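**Student:** My structure is in protein_3.cif, and what it holds is mmCIF, C-alpha atoms, pLDDT in the B column; chains and numbers go by the auth columns:
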data_coords
loop_
_atom_site.group_PDB
_atom_site.id
_atom_site.type_symbol
_atom_site.label_atom_id
_atom_site.label_comp_id
_atom_site.label_asym_id
_atom_site.label_seq_id
_atom_site.Cartn_x
_atom_site.Cartn_y
_atom_site.Cartn_z
_atom_site.B_iso_or_equiv
_atom_site.auth_seq_id
_atom_site.auth_asym_id
ATOM 1 C CA THR A 1 160.875 121.132 -73.335 77.00 520 I
ATOM 2 C CA GLU A 2 159.984 120.852 -69.646 85.00 521 I
ATOM 3 C CA GLN A 3 158.402 124.289 -69.628 85.00 522 I
ATOM 4 C CA LEU A 4 156.378 123.543 -72.760 88.00 523 I
ATOM 5 C CA PHE A 5 155.162 120.221 -71.324 86.00 524 I
ATOM 6 C CA PHE A 6 154.007 121.780 -68.064 85.00 525 I
ATOM 7 C CA GLU A 7 152.383 124.755 -69.791 83.00 526 I
ATOM 8 C CA VAL A 8 150.245 122.310 -71.772 86.00 527 I
ATOM 9 C CA ALA A 9 149.681 119.950 -68.825 83.00 528 I
ATOM 10 C CA CYS A 10 148.637 122.781 -66.504 82.00 529 I
ATOM 11 C CA LYS A 11 145.868 123.845 -68.880 85.00 530 I
ATOM 12 C CA ALA A 12 144.113 120.564 -68.130 84.00 531 I
ATOM 13 C CA PRO A 13 141.696 120.494 -65.182 83.00 532 I
ATOM 14 C CA VAL A 14 143.356 117.312 -63.824 83.00 533 I
ATOM 15 C CA VAL A 15 146.854 115.854 -64.146 81.00 534 I
ATOM 16 C CA CYS A 16 146.807 112.088 -63.635 83.00 535 I
ATOM 17 C CA VAL A 17 150.175 110.407 -63.086 81.00 536 I
ATOM 18 C CA CYS A 18 150.484 106.635 -63.037 80.00 537 I
ATOM 19 C CA ARG A 19 153.091 103.977 -63.772 85.00 538 I
ATOM 20 C CA CYS A 20 155.890 106.292 -62.660 90.00 539 I
ATOM 21 C CA SER A 21 158.538 105.975 -59.989 93.00 540 I
ATOM 22 C CA PRO A 22 157.924 107.709 -56.631 92.00 541 I
ATOM 23 C CA THR A 23 160.597 110.283 -57.464 93.00 542 I
ATOM 24 C CA GLN A 24 158.945 111.116 -60.774 93.00 543 I
ATOM 25 C CA LYS A 25 155.549 111.527 -59.092 93.00 544 I
ATOM 26 C CA SER A 26 156.915 113.926 -56.481 93.00 545 I
ATOM 27 C CA LEU A 27 158.852 115.836 -59.159 92.00 546 I
ATOM 28 C CA ILE A 28 155.708 116.255 -61.272 91.00 547 I
ATOM 29 C CA THR A 29 153.845 117.490 -58.184 92.00 548 I
ATOM 30 C CA GLN A 30 156.583 120.065 -57.513 93.00 549 I
ATOM 31 C CA LYS A 31 156.527 121.277 -61.109 91.00 550 I
ATOM 32 C CA VAL A 32 152.734 121.567 -61.272 89.00 551 I
ATOM 33 C CA ILE A 33 152.805 123.691 -58.101 91.00 552 I
ATOM 34 C CA LYS A 34 155.651 125.763 -59.565 90.00 553 I
ATOM 35 C CA TYR A 35 154.051 126.414 -62.958 88.00 554 I
ATOM 36 C CA THR A 36 150.443 126.906 -61.844 85.00 555 I
ATOM 37 C CA GLU A 37 151.051 128.598 -58.462 84.00 556 I
ATOM 38 C CA LYS A 38 147.855 126.897 -57.278 85.00 557 I
ATOM 39 C CA ARG A 39 147.118 124.396 -54.552 85.00 558 I
ATOM 40 C CA VAL A 40 147.535 120.785 -55.514 89.00 559 I
ATOM 41 C CA ALA A 41 145.788 117.749 -54.023 90.00 560 I
ATOM 42 C CA CYS A 42 147.396 114.349 -54.533 93.00 561 I
ATOM 43 C CA VAL A 43 145.676 111.028 -53.970 93.00 562 I
ATOM 44 C CA GLY A 44 147.639 107.855 -53.325 92.00 563 I
ATOM 45 C CA ASP A 45 147.052 104.354 -52.048 89.00 564 I
ATOM 46 C CA GLY A 46 150.469 102.852 -51.440 88.00 565 I
ATOM 47 C CA GLY A 47 154.016 103.388 -50.266 89.00 566 I
ATOM 48 C CA ASN A 48 155.116 104.497 -53.732 90.00 567 I
ATOM 49 C CA ASP A 49 152.795 107.527 -53.458 92.00 568 I
ATOM 50 C CA VAL A 50 154.181 108.883 -50.170 93.00 569 I
ATOM 51 C CA GLY A 51 156.646 111.289 -51.836 93.00 570 I
ATOM 52 C CA MET A 52 153.930 112.699 -54.065 94.00 571 I
ATOM 53 C CA ILE A 53 151.537 113.107 -51.101 95.00 572 I
ATOM 54 C CA LEU A 54 154.205 114.880 -49.026 95.00 573 I
ATOM 55 C CA GLU A 55 155.025 117.306 -51.857 95.00 574 I
ATOM 56 C CA SER A 56 151.390 118.276 -52.417 94.00 575 I
ATOM 57 C CA ASN A 57 149.500 121.002 -50.590 91.00 576 I
ATOM 58 C CA VAL A 58 146.772 118.540 -49.623 90.00 577 I
ATOM 59 C CA GLY A 59 147.535 114.846 -49.421 93.00 578 I
ATOM 60 C CA ILE A 60 144.798 112.230 -49.451 93.00 579 I
ATOM 61 C CA GLY A 61 145.750 108.673 -48.578 93.00 580 I
ATOM 62 C CA ILE A 62 143.615 105.629 -49.260 93.00 581 I
ATOM 63 C CA VAL A 63 143.911 102.608 -46.996 92.00 582 I
ATOM 64 C CA GLY A 64 144.117 99.683 -49.351 80.00 583 I
ATOM 65 C CA LYS A 65 145.710 96.400 -50.316 80.00 584 I
ATOM 66 C CA GLU A 66 149.140 98.006 -50.514 81.00 585 I
ATOM 67 C CA GLY A 67 149.083 99.015 -46.842 83.00 586 I
ATOM 68 C CA LYS A 68 148.685 102.174 -44.814 89.00 587 I
ATOM 69 C CA GLN A 69 151.860 104.058 -45.780 91.00 588 I
ATOM 70 C CA ALA A 70 149.984 106.582 -47.948 92.00 589 I
ATOM 71 C CA SER A 71 147.222 107.156 -45.413 91.00 590 I
ATOM 72 C CA LEU A 72 149.734 107.683 -42.589 93.00 591 I
ATOM 73 C CA ALA A 73 151.665 110.292 -44.605 92.00 592 I
ATOM 74 C CA ALA A 74 148.536 112.092 -45.851 93.00 593 I
ATOM 75 C CA ASP A 75 146.570 115.032 -44.489 90.00 594 I
ATOM 76 C CA PHE A 76 143.317 113.114 -44.979 89.00 595 I
ATOM 77 C CA SER A 77 142.860 109.371 -44.830 91.00 596 I
ATOM 78 C CA ILE A 78 139.927 107.523 -46.376 92.00 597 I
ATOM 79 C CA ASN A 79 139.082 103.837 -46.578 91.00 598 I
ATOM 80 C CA GLN A 80 137.733 103.682 -50.126 89.00 599 I
ATOM 81 C CA PHE A 81 138.312 105.610 -53.304 87.00 600 I
ATOM 82 C CA SER A 82 134.554 106.232 -53.550 87.00 601 I
ATOM 83 C CA TYR A 83 134.748 108.425 -50.408 88.00 602 I
ATOM 84 C CA LEU A 84 136.949 110.916 -52.270 88.00 603 I
ATOM 85 C CA LYS A 85 134.023 112.644 -53.982 85.00 604 I
ATOM 86 C CA ARG A 86 132.286 113.224 -50.684 82.00 605 I
ATOM 87 C CA LEU A 87 135.481 114.479 -49.044 83.00 606 I
ATOM 88 C CA LEU A 88 136.229 117.022 -51.760 80.00 607 I
ATOM 89 C CA LEU A 89 132.665 118.297 -52.103 80.00 608 I
ATOM 90 C CA TRP A 90 132.052 118.572 -48.345 76.00 609 I
ATOM 91 C CA HIS A 91 135.272 120.420 -47.525 72.00 610 I
ATOM 92 C CA GLY A 92 134.940 122.627 -50.600 73.00 611 I
ATOM 93 C CA ARG A 93 131.406 123.570 -49.558 78.00 612 I
ATOM 94 C CA GLN A 94 132.492 124.314 -45.978 77.00 613 I
ATOM 95 C CA SER A 95 135.389 126.481 -47.175 74.00 614 I
ATOM 96 C CA TYR A 96 133.058 128.426 -49.475 77.00 615 I
ATOM 97 C CA LYS A 97 130.520 128.975 -46.693 80.00 616 I
ATOM 98 C CA ARG A 98 133.187 130.196 -44.236 78.00 617 I
ATOM 99 C CA SER A 99 134.685 132.615 -46.745 77.00 618 I
ATOM 100 C CA SER A 100 131.295 134.051 -47.687 81.00 619 I
ATOM 101 C CA THR A 101 130.326 134.473 -44.019 79.00 620 I
ATOM 102 C CA LEU A 102 133.527 136.388 -43.314 78.00 621 I
ATOM 103 C CA SER A 103 133.061 138.690 -46.311 81.00 622 I
ATOM 104 C CA GLN A 104 129.481 139.415 -45.256 84.00 623 I
ATOM 105 C CA PHE A 105 130.696 140.477 -41.803 79.00 624 I
ATOM 106 C CA ILE A 106 133.271 142.818 -43.322 79.00 625 I
ATOM 107 C CA ILE A 107 130.734 144.334 -45.726 86.00 626 I
ATOM 108 C CA HIS A 108 128.209 144.858 -42.924 84.00 627 I
ATOM 109 C CA ARG A 109 130.876 146.520 -40.772 80.00 628 I
ATOM 110 C CA GLY A 110 131.588 149.030 -43.531 82.00 629 I
ATOM 111 C CA LEU A 111 127.886 149.651 -44.165 89.00 630 I
ATOM 112 C CA ILE A 112 127.181 150.323 -40.492 85.00 631 I
ATOM 113 C CA ILE A 113 130.010 152.846 -40.262 83.00 632 I
ATOM 114 C CA SER A 114 128.980 154.574 -43.501 87.00 633 I
ATOM 115 C CA VAL A 115 125.265 154.780 -42.671 92.00 634 I
ATOM 116 C CA LEU A 116 125.949 156.202 -39.207 88.00 635 I
ATOM 117 C CA GLN A 117 128.263 158.853 -40.651 87.00 636 I
ATOM 118 C CA ALA A 118 125.720 159.749 -43.364 91.00 637 I
ATOM 119 C CA VAL A 119 122.848 160.084 -40.861 93.00 638 I
ATOM 120 C CA PHE A 120 125.030 162.204 -38.571 90.00 639 I
ATOM 121 C CA SER A 121 125.964 164.514 -41.438 89.00 640 I
ATOM 122 C CA ILE A 122 122.320 164.872 -42.587 91.00 641 I
ATOM 123 C CA ILE A 123 121.067 165.668 -39.066 92.00 642 I
ATOM 124 C CA PHE A 124 123.714 168.350 -38.520 90.00 643 I
ATOM 125 C CA TYR A 125 123.229 170.116 -41.880 87.00 644 I
ATOM 126 C CA PHE A 126 125.940 168.261 -43.819 87.00 645 I
ATOM 127 C CA VAL A 127 128.795 169.291 -41.568 84.00 646 I
ATOM 128 C CA SER A 128 132.072 167.577 -42.470 83.00 647 I
ATOM 129 C CA ILE A 129 132.966 166.437 -38.963 85.00 648 I
ATOM 130 C CA PRO A 130 133.601 162.709 -38.454 85.00 649 I
ATOM 131 C CA ILE A 131 131.305 161.096 -35.927 82.00 650 I
ATOM 132 C CA TYR A 132 134.094 158.836 -34.607 81.00 651 I
ATOM 133 C CA ASN A 133 137.789 159.614 -34.210 82.00 652 I
ATOM 134 C CA GLY A 134 140.371 157.333 -35.794 82.00 653 I
ATOM 135 C CA TYR A 135 141.170 155.236 -32.733 86.00 654 I
ATOM 136 C CA LEU A 136 137.512 154.502 -32.044 83.00 655 I
ATOM 137 C CA MET A 137 137.006 153.430 -35.672 81.00 656 I
ATOM 138 C CA LEU A 138 140.098 151.225 -35.514 83.00 657 I
ATOM 139 C CA GLY A 139 138.904 149.593 -32.304 83.00 658 I
ATOM 140 C CA TYR A 140 135.388 149.026 -33.647 79.00 659 I
ATOM 141 C CA ALA A 141 136.649 147.527 -36.885 76.00 660 I
ATOM 142 C CA THR A 142 139.114 145.281 -35.070 80.00 661 I
ATOM 143 C CA VAL A 143 136.680 143.978 -32.460 79.00 662 I
ATOM 144 C CA TYR A 144 133.756 143.542 -34.840 71.00 663 I
ATOM 145 C CA THR A 145 135.831 141.717 -37.440 71.00 664 I
ATOM 146 C CA SER A 146 137.988 139.612 -35.107 76.00 665 I
ATOM 147 C CA LEU A 147 135.106 137.568 -33.681 73.00 666 I
ATOM 148 C CA PRO A 148 134.036 135.980 -36.989 71.00 667 I
ATOM 149 C CA VAL A 149 137.663 135.400 -37.943 71.00 668 I
ATOM 150 C CA PHE A 150 138.349 133.506 -34.723 73.00 669 I
ATOM 151 C CA SER A 151 135.123 131.545 -35.078 69.00 670 I
ATOM 152 C CA ILE A 152 136.207 130.420 -38.560 68.00 671 I
ATOM 153 C CA VAL A 153 139.839 129.739 -37.622 66.00 672 I
ATOM 154 C CA LEU A 154 139.027 127.811 -34.452 66.00 673 I
ATOM 155 C CA ASP A 155 136.240 125.833 -36.126 62.00 674 I
ATOM 156 C CA GLU A 156 136.916 122.113 -36.204 58.00 675 I
ATOM 157 C CA ASP A 157 135.274 119.729 -38.601 53.00 676 I
ATOM 158 C CA THR A 158 134.151 116.491 -36.979 49.00 677 I
ATOM 159 C CA GLY A 159 134.526 114.465 -40.148 48.00 678 I
ATOM 160 C CA VAL A 160 132.924 113.922 -43.505 46.00 679 I
ATOM 161 C CA GLN A 161 129.148 114.044 -43.192 44.00 680 I
#
Would it be possible to restate this file's structure as structure tokens?
**Tutor:**
Amino acid sequence: TEQLFFEVACKAPVVCVCRCSPTQKSLITQKVIKYTEKRVACVGDGGNDVGMILESNVGIGIVGKEGKQASLAADFSINQFSYLKRLLLWHGRQSYKRSSTLSQFIIHRGLIISVLQAVFSIIFYFVSIPIYNGYLMLGYATVYTSLPVFSIVLDEDTGVQ
């Protein structure tokens, strides 16, 4: 019955859990992660949500009337529930932009190598000799691709804009 429940629940775009004990909330979070194998974000505003926030991949705590327990245990802390939309959209947009920038660098690296090899072959009457040896290609690919990776990894967001 548990498997059937979570198969149906995981087809929904959002699983909203309320009026449950803290143990039940964290258990549901564990099961949703287990059955979907996707990242889960949990939002809570009180001490009863701490277990759920800790079990999730991304915890968002709201400072509210119930105290700061949820916001202290969370990955992100916001003051009002209305800030949640901005937080999700901004960080989702930034993640998308970083991923697309990295894939463009990798595609351009491959295009540069391919075009140079094609021009070399055309100039020298389609001879099948590689223009670069393996170690030079490995070094070029590593150096050219490592800079954008480090710029994305070491990038720090200064807060929600």
**Student:** How many Å separate CA of Ser640 in chain I from CA of Met656 in chain I?
**Tutor:** 16.7 Å
**Student:** In Å, how far is it from CA of Cys537 in chain I to CA of His610 in chain I?
**Tutor:**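 Calculated distance between CA of Cys537 in chain I and CA of His610 in chain I is 25.7 Å.
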**Student:** Using all atoms listed in the file for the distances, tell me which of I:Met571, I:Ala560, I:Ile626, I:Val533 is nearest to Ile547 in chain I.
**Tutor:**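 Closest residue, counting all atoms listed in the file: I:Met571.
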**Student:** Any idea what the distance is between CA of Gln543 in chain I and CA of Gly570 in chain I?
**Tutor:** 9.2 Å
**Student:** Spell out the residues picked by the PyMOL selection byres ((chain I and resi 558) around 9) here, as a list in words.
**Tutor:**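 Output from the PyMOL selection byres ((chain I and resi 558) around 9), applied to this file: Ile552, Thr555, Glu556, Lys557, Val559, Ala560, Ser575, Asn576 and Val577 of chain I.
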**Student:** Name the residues in contact with range 581-584 of chain I at a cut-off of 12 Å, using only C-alpha atoms, excluding same-chain residues fewer than 3 positions from it; report them as a list in words.
**Tutor:**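 In the requested format, the answer is Cys561, Val562, Gly563, Asp564, Gly565, Gly566, Asp568, Val569, Ile572, Gly578, Lys587, Gln588, Ala589, Ser590, Leu591, Ala592, Ala593, Asp594, Phe595, Ser596, Ile597, Asn598, Gln599, Phe600, Ser601, Tyr602 and Leu603 of chain I.
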**Student:** Counting only C-alpha atoms, which residue out of I:Leu546, I:Leu573, I:Ile648, I:Ile625 sits closest to Thr661 in chain I?
**Tutor:**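 The shortest atom-to-atom distance to Thr661 in chain I comes from I:Ile625.
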**Student:** Give the centre and edge lengths of an axis-aligned box, in Å to one decimal, that holds all listed atoms of range 532-538 of chain I with 5 Å on each side, as JSON.
**Tutor:**
{"center_x": 147.4, "center_y": 112.2, "center_z": -64.1, "size_x": 21.4, "size_y": 26.5, "size_z": 12.1}
